[in-house]
Amino acid sequence: MTDAQETAAASSLRTTGGAPPEDDGPTAAGAPTPLLEPREGIPPVIADDAALAEMIAAFAAGSGPVAVDAERASGYRYGQRAYLVQLRREGAGTALIDPIACPDLSALGEALSSVEWVLHAATQDLPCLREIGMVPTRLFDTELAGRLAGFPRVGLGAMVEGVLGFVLEKGHSAVDWSTRPLPEPWLRYAALDVELLVDLRDALEKDLDRQGKLEWARQEFDAIASAPPPEPRKDPWRRTSGMHKVRRRRQLGVVRELWQTRDRIAQRRDVSPGKVLSDAAIVEAALALPANAHALAALNGFGNRMSRRQLEQWQAAVDRARAMSESQLPQPGQSVVGPPPPRAWADKDPEAAARLSAARSAVSAVAEEVNMPQENLIAPDTVRRVCWEPPQPVDTESITSTLTALGARPWQVEQVTPVLVAALSAKAAGTTGTQAAQSASAHGTGSAETPGTAETNGTPESADAQEAGTPGVGAQETGVRQPGA
């Protein structure tokens with residue numbers, strides 16, 4: 001039994017039928033215990049000012065951290081607004097709030113401003129919580145904590161089962177939370193999502209402390225809490241799925257016109273853009289450049305039950321792109337700030353490509369040593385920028401300054417600076433990145449602050465995922481940012 005499981009086993013959690021677990025804990029028998037009912041039952045949904053005021057007073061008088069979660073209607077509605085907010089705090093119990101009926105929760109946010117918020121994958125929920133006035137000043141992200149602690153699976157269900165020994169029913173995670181009234185099984189699911197968050201937080205804090213990573217986690221959590229809202233994405237239409245097939249500028253113009261038309265319709269109707277027109281249909285039309293609505297109707301995604309009026313609306317977008325002058329058409333590539341994609345380095349700058357290979361190898365060795373995904377140790381984009389234009393001279397001071405300027409947290413700077421200095425300095429002498437990491441490690445760098453490694457092994461993400469970054473601060477779509485992603 002891990003330290004985290006021992007912590008959980010000592011807690012008085014309620015399981016099937018609301019009965020407390022056996023004295024020897026839920027994991028002692030080996031099989032996880034289904035968690036089917038909230039401890040105090042399903043609370044009524046708060047949907048008026050009087051009930052909200054009463055709930056705020058109760059939570060302000062509670063003790064300890066507050067568990068927070070939000071449910072959105074991704075895939076059903078336009079945007080990422082919250083359609084249900086769940087909270088739980090010692091002394092106050094669980095609350096379910098309808099943010100459509102109570103759209104301003106700033107008073108609740110203010111009442112809990114000095115309290116630590118516990119969220120799972122915080123960067124996914126913080127944008128929609130910010131929209132309704134809920135902004136934490138301190139938080140604990142249980143998903144990110146799991147990554148830093150080296151857990152191979154960090155979804156809420158997997159964490160609760162692996163750490164606490166309980167099974168959460170996850171059958172309603174992708175439902176349309178804009179539905180009113182919300183069915184009782186959905187409300188039960190939502191209440192259970194915050195039922196164990198604080199228990200999970202306590203167990204993970206103990207694990208992180210044992211591994212010497214608790215201060216690292218605190219720096220990551222502070223970075224998430226203090227991060228400003230992300231800037232609007234430039235040219236979001238370029239993220240249309242299947243864009244790699246579109247080569248010519250006229251075709252790019254069709255994608256842009258169809259995407260923007262779809263977005264306006266989706267926003268007006270408050271539905272997911274994919275329900276208005278699929279990405280695949282947009283790309284199909286761009287490649288075909290249909291001359292009229294009849295030709296458009298023959299393409300995949302436009303036939304079947306689409307009305308004549310709808311076809312003419314989409315054809316009008318295609319016609320606008322067909323009529324544009326060359327100067328009005330979008331350029332084939334998106335303007336890139338910073339280094340080019342790594343796949344182009346070998347042709348553009350072979351020496352930089354060699355530096356990147358050595359640095360990646362060195363950072364990977366440190367990530368394995370401290371038992372966490374490489375992208376959480378340091379953002380892949382940060383490594384690329386350092387390798388594309390290394391500071392001169394390459395030494396501890398210059399690399400530390402560069403990493404800090406790029407947003408790396410102090411613990412990350414401490415861990416990767418020695419191996420980056422070694423990798424970038426030794427590359428010209430033919431030393432491999434792994435050898436550089438081993439050399440730096442031999443001098444007392446590249447390891448956690450205290451002895452010991454996690455009892456569960458972390459599995460680094462794929463190369464593609466590492467390039468994209470993981471949820472946290474800075475690399476997110478997170479959401480994540482991304483803590484070192």
# chains A, B, ... in the order shown; residues from 1 in each chain; ligands from 1
call {"tool": "residues_around", "arguments": {"residues": "Ala408 in chain A", "least_positions_apart": "4", "cutoff": "8 Å", "atoms": "only C-alpha atoms", "output": "VMD selection string"}}
result
chain A and resid 378 to 379 382 403 to 404 412 to 413 484
call {"tool": "residues_around", "arguments": {"residues": "Glu71 in chain A", "least_positions_apart": "2", "cutoff": "7 Å", "atoms": "only C-alpha atoms", "output": "PyMOL selection string"}}
result
chain A and resi 69+73+82-85+177
call {"tool": "select_by_dssp", "arguments": {"residues": "range 362-421 of chain A", "states": "alpha helix (DSSP H)", "output": "PyMOL selection string"}}
result
chain A and resi 362-370+374-377+380-388+396-405+410-421
call {"tool": "closest_residue", "arguments": {"among": "A:Gln211, A:Ser63, A:Ser178, A:Ser278", "to": "Asp98 in chain A", "atoms": "only C-alpha atoms"}}
result
A:Ser178
call {"tool": "residues_around", "arguments": {"residues": "Ser272 in chain A", "least_positions_apart": "2", "cutoff": "6 Å", "atoms": "only C-alpha atoms", "output": "number ranges by chain"}}
result
A: 75-78, 274-275
call {"tool": "closest_residue", "arguments": {"among": "A:Ile399, A:Val167, A:Ala158, A:Leu192", "to": "Thr33 in chain A", "atoms": "only C-alpha atoms"}}
result
A:Val167
call {"tool": "closest_residue", "arguments": {"among": "A:Leu139, A:Val370, A:Val194, A:Val254", "to": "Thr94 in chain A", "atoms": "only C-alpha atoms"}}
result
A:Val194
call {"tool": "residues_around", "arguments": {"residues": "Pro44 in chain A", "least_positions_apart": "5", "cutoff": "9 Å", "atoms": "only C-alpha atoms", "output": "NGL selection string"}}
result
:A and (95-97)
call {"tool": "write_last_selection", "arguments": {"atoms": "N, CA, C and O atoms", "output": "compact mmCIF listing (two decimals), in the first residue's frame"}}
result
# COMPACT_ATOMS: atom_id res chain seq x y z
N ALA A 95 -22.54 21.33 -2.81
CA ALA A 95 -23.51 22.24 -3.43
C ALA A 95 -23.45 22.07 -4.93
O ALA A 95 -22.37 21.92 -5.51
N LEU A 96 -24.61 22.10 -5.56
CA LEU A 96 -24.73 22.09 -7.02
C LEU A 96 -25.42 23.38 -7.43
O LEU A 96 -26.52 23.68 -6.96
N ILE A 97 -24.78 24.17 -8.29
CA ILE A 97 -25.30 25.49 -8.67
C ILE A 97 -25.58 25.51 -10.16
O ILE A 97 -24.76 25.08 -10.98
call {"tool": "residues_around", "arguments": {"residues": "Trp186 in chain A", "least_positions_apart": "4", "cutoff": "12 Å", "atoms": "only C-alpha atoms", "output": "compact mmCIF listing (two decimals) with N, CA and C atoms, in the first residue's frame"}}
result
# COMPACT_ATOMS: atom_id res chain seq x y z
N GLU A 37 -23.13 6.74 -4.11
CA GLU A 37 -24.00 7.76 -3.54
C GLU A 37 -23.17 8.81 -2.81
N ILE A 42 -27.99 13.51 -2.79
CA ILE A 42 -27.88 14.51 -3.87
C ILE A 42 -28.51 15.82 -3.40
N VAL A 45 -30.48 21.46 -6.59
CA VAL A 45 -29.73 22.41 -7.43
C VAL A 45 -30.11 23.83 -7.04
N GLU A 71 -19.27 21.60 -15.14
CA GLU A 71 -19.69 20.79 -16.27
C GLU A 71 -20.07 21.72 -17.43
N LEU A 84 -23.15 23.72 -15.00
CA LEU A 84 -23.33 23.26 -13.62
C LEU A 84 -22.01 23.46 -12.90
N LEU A 96 -24.61 22.10 -5.56
CA LEU A 96 -24.73 22.09 -7.02
C LEU A 96 -25.42 23.38 -7.43
N GLU A 169 -18.36 6.29 -11.09
CA GLU A 169 -19.10 6.02 -12.32
C GLU A 169 -18.93 7.23 -13.23
N LYS A 170 -18.44 7.00 -14.46
CA LYS A 170 -18.13 8.11 -15.36
C LYS A 170 -19.02 8.12 -16.60
N GLY A 171 -20.19 7.52 -16.53
CA GLY A 171 -21.01 7.36 -17.71
C GLY A 171 -21.64 8.64 -18.24
N HIS A 172 -21.62 9.74 -17.47
CA HIS A 172 -22.30 10.96 -17.90
C HIS A 172 -21.35 12.09 -18.23
N SER A 173 -20.08 11.79 -18.43
CA SER A 173 -19.10 12.86 -18.64
C SER A 173 -19.34 13.63 -19.93
N ALA A 174 -19.93 13.00 -20.95
CA ALA A 174 -20.07 13.65 -22.25
C ALA A 174 -21.51 13.99 -22.59
N VAL A 175 -22.39 14.10 -21.60
CA VAL A 175 -23.79 14.40 -21.88
C VAL A 175 -23.97 15.90 -22.11
N ASP A 176 -25.16 16.27 -22.54
CA ASP A 176 -25.49 17.68 -22.79
C ASP A 176 -25.92 18.33 -21.48
N TRP A 177 -24.97 19.00 -20.82
CA TRP A 177 -25.25 19.58 -19.50
C TRP A 177 -26.11 20.84 -19.59
N SER A 178 -26.42 21.29 -20.80
CA SER A 178 -27.35 22.41 -20.92
C SER A 178 -28.80 21.95 -20.78
N THR A 179 -29.03 20.64 -20.71
CA THR A 179 -30.37 20.09 -20.54
C THR A 179 -31.00 20.61 -19.24
N ARG A 180 -32.27 20.97 -19.31
CA ARG A 180 -33.01 21.38 -18.11
C ARG A 180 -34.38 20.73 -18.12
N PRO A 181 -34.84 20.15 -17.02
CA PRO A 181 -34.06 19.97 -15.79
C PRO A 181 -33.02 18.86 -15.96
N LEU A 182 -31.97 18.93 -15.17
CA LEU A 182 -30.94 17.91 -15.22
C LEU A 182 -31.45 16.63 -14.57
N ALA A 190 -22.43 14.27 -10.88
CA ALA A 190 -21.77 15.56 -10.66
C ALA A 190 -21.37 15.74 -9.21
N ALA A 191 -22.24 15.33 -8.30
CA ALA A 191 -21.91 15.45 -6.87
C ALA A 191 -20.74 14.54 -6.50
N LEU A 192 -20.70 13.36 -7.07
CA LEU A 192 -19.61 12.43 -6.76
C LEU A 192 -18.27 12.91 -7.30
N ASP A 193 -18.29 13.76 -8.32
CA ASP A 193 -17.04 14.27 -8.87
C ASP A 193 -16.26 15.12 -7.87
call {"tool": "select_by_dssp", "arguments": {"residues": "range 77-281 of chain A", "states": "strand (DSSP E or B)", "output": "mmCIF file with N, CA, C and O atoms, in the first residue's frame"}}
result
data_model
loop_
_atom_site.group_PDB
_atom_site.id
_atom_site.type_symbol
_atom_site.label_atom_id
_atom_site.label_comp_id
_atom_site.auth_asym_id
_atom_site.auth_seq_id
_atom_site.Cartn_x
_atom_site.Cartn_y
_atom_site.Cartn_z
ATOM 1 N N ALA A 82 -20.053 27.297 -18.457
ATOM 2 C CA ALA A 82 -20.416 26.307 -17.441
ATOM 3 C C ALA A 82 -21.933 26.181 -17.361
ATOM 4 O O ALA A 82 -22.661 27.184 -17.387
ATOM 5 N N TYR A 83 -22.407 24.942 -17.266
ATOM 6 C CA TYR A 83 -23.838 24.684 -17.107
ATOM 7 C C TYR A 83 -24.166 24.061 -15.757
ATOM 8 O O TYR A 83 -25.330 23.896 -15.411
ATOM 9 N N LEU A 84 -23.149 23.718 -14.997
ATOM 10 C CA LEU A 84 -23.334 23.260 -13.622
ATOM 11 C C LEU A 84 -22.011 23.460 -12.904
ATOM 12 O O LEU A 84 -20.951 23.180 -13.465
ATOM 13 N N VAL A 85 -22.088 23.967 -11.679
ATOM 14 C CA VAL A 85 -20.892 24.142 -10.847
ATOM 15 C C VAL A 85 -21.094 23.344 -9.575
ATOM 16 O O VAL A 85 -22.139 23.444 -8.925
ATOM 17 N N GLN A 86 -20.085 22.524 -9.242
ATOM 18 C CA GLN A 86 -20.157 21.695 -8.045
ATOM 19 C C GLN A 86 -19.057 22.108 -7.065
ATOM 20 O O GLN A 86 -17.933 22.359 -7.470
ATOM 21 N N LEU A 87 -19.416 22.162 -5.792
ATOM 22 C CA LEU A 87 -18.452 22.474 -4.747
ATOM 23 C C LEU A 87 -18.677 21.569 -3.546
ATOM 24 O O LEU A 87 -19.799 21.116 -3.291
ATOM 25 N N ARG A 88 -17.605 21.345 -2.794
ATOM 26 C CA ARG A 88 -17.716 20.611 -1.549
ATOM 27 C C ARG A 88 -16.669 21.144 -0.579
ATOM 28 O O ARG A 88 -15.511 21.357 -0.961
ATOM 29 N N ARG A 89 -17.102 21.362 0.670
ATOM 30 C CA ARG A 89 -16.175 21.822 1.703
ATOM 31 C C ARG A 89 -16.573 21.254 3.046
ATOM 32 O O ARG A 89 -17.775 21.087 3.330
ATOM 33 N N GLU A 90 -15.576 20.950 3.833
ATOM 34 C CA GLU A 90 -15.835 20.434 5.184
ATOM 35 C C GLU A 90 -16.684 21.433 5.956
ATOM 36 O O GLU A 90 -16.407 22.629 5.997
ATOM 37 N N GLY A 93 -20.724 20.672 3.271
ATOM 38 C CA GLY A 93 -21.260 19.624 2.424
ATOM 39 C C GLY A 93 -21.039 19.924 0.952
ATOM 40 O O GLY A 93 -20.110 20.627 0.565
ATOM 41 N N THR A 94 -21.924 19.387 0.115
ATOM 42 C CA THR A 94 -21.822 19.541 -1.335
ATOM 43 C C THR A 94 -22.897 20.496 -1.833
ATOM 44 O O THR A 94 -24.030 20.473 -1.337
ATOM 45 N N ALA A 95 -22.544 21.326 -2.811
ATOM 46 C CA ALA A 95 -23.506 22.237 -3.427
ATOM 47 C C ALA A 95 -23.451 22.070 -4.933
ATOM 48 O O ALA A 95 -22.374 21.921 -5.514
ATOM 49 N N LEU A 96 -24.605 22.102 -5.564
ATOM 50 C CA LEU A 96 -24.733 22.086 -7.017
ATOM 51 C C LEU A 96 -25.421 23.384 -7.425
ATOM 52 O O LEU A 96 -26.525 23.678 -6.961
ATOM 53 N N ILE A 97 -24.775 24.174 -8.289
ATOM 54 C CA ILE A 97 -25.296 25.486 -8.670
ATOM 55 C C ILE A 97 -25.584 25.514 -10.163
ATOM 56 O O ILE A 97 -24.762 25.084 -10.976
ATOM 57 N N GLU A 116 -7.997 27.630 -0.409
ATOM 58 C CA GLU A 116 -7.397 26.843 -1.473
ATOM 59 C C GLU A 116 -8.493 26.074 -2.217
ATOM 60 O O GLU A 116 -9.283 25.372 -1.614
ATOM 61 N N TRP A 117 -8.499 26.205 -3.557
ATOM 62 C CA TRP A 117 -9.450 25.476 -4.388
ATOM 63 C C TRP A 117 -8.778 24.207 -4.891
ATOM 64 O O TRP A 117 -7.640 24.241 -5.360
ATOM 65 N N VAL A 118 -9.495 23.110 -4.839
ATOM 66 C CA VAL A 118 -8.990 21.837 -5.353
ATOM 67 C C VAL A 118 -9.762 21.510 -6.624
ATOM 68 O O VAL A 118 -10.983 21.366 -6.594
ATOM 69 N N LEU A 119 -9.050 21.431 -7.742
ATOM 70 C CA LEU A 119 -9.659 21.111 -9.028
ATOM 71 C C LEU A 119 -8.881 19.985 -9.684
ATOM 72 O O LEU A 119 -7.710 19.762 -9.364
ATOM 73 N N ARG A 138 -5.506 30.679 -4.810
ATOM 74 C CA ARG A 138 -4.668 29.515 -4.488
ATOM 75 C C ARG A 138 -5.397 28.270 -4.961
ATOM 76 O O ARG A 138 -6.619 28.184 -4.841
ATOM 77 N N LEU A 139 -4.652 27.315 -5.506
ATOM 78 C CA LEU A 139 -5.310 26.092 -5.950
ATOM 79 C C LEU A 139 -4.382 24.896 -5.827
ATOM 80 O O LEU A 139 -3.165 25.036 -5.663
ATOM 81 N N PHE A 140 -4.990 23.735 -5.893
ATOM 82 C CA PHE A 140 -4.282 22.453 -5.929
ATOM 83 C C PHE A 140 -4.913 21.659 -7.058
ATOM 84 O O PHE A 140 -6.108 21.381 -7.032
ATOM 85 N N ASP A 141 -4.118 21.335 -8.070
ATOM 86 C CA ASP A 141 -4.613 20.603 -9.238
ATOM 87 C C ASP A 141 -4.246 19.130 -9.080
ATOM 88 O O ASP A 141 -3.072 18.763 -9.155
ATOM 89 N N PHE A 166 -11.382 3.714 -4.719
ATOM 90 C CA PHE A 166 -12.812 3.804 -5.001
ATOM 91 C C PHE A 166 -13.038 3.957 -6.499
ATOM 92 O O PHE A 166 -12.230 4.552 -7.206
ATOM 93 N N VAL A 167 -14.164 3.446 -6.978
ATOM 94 C CA VAL A 167 -14.511 3.532 -8.400
ATOM 95 C C VAL A 167 -15.623 4.554 -8.572
ATOM 96 O O VAL A 167 -16.688 4.433 -7.966
ATOM 97 N N LEU A 168 -15.356 5.572 -9.416
ATOM 98 C CA LEU A 168 -16.373 6.557 -9.753
ATOM 99 C C LEU A 168 -17.055 6.158 -11.049
ATOM 100 O O LEU A 168 -16.402 5.755 -12.003
#
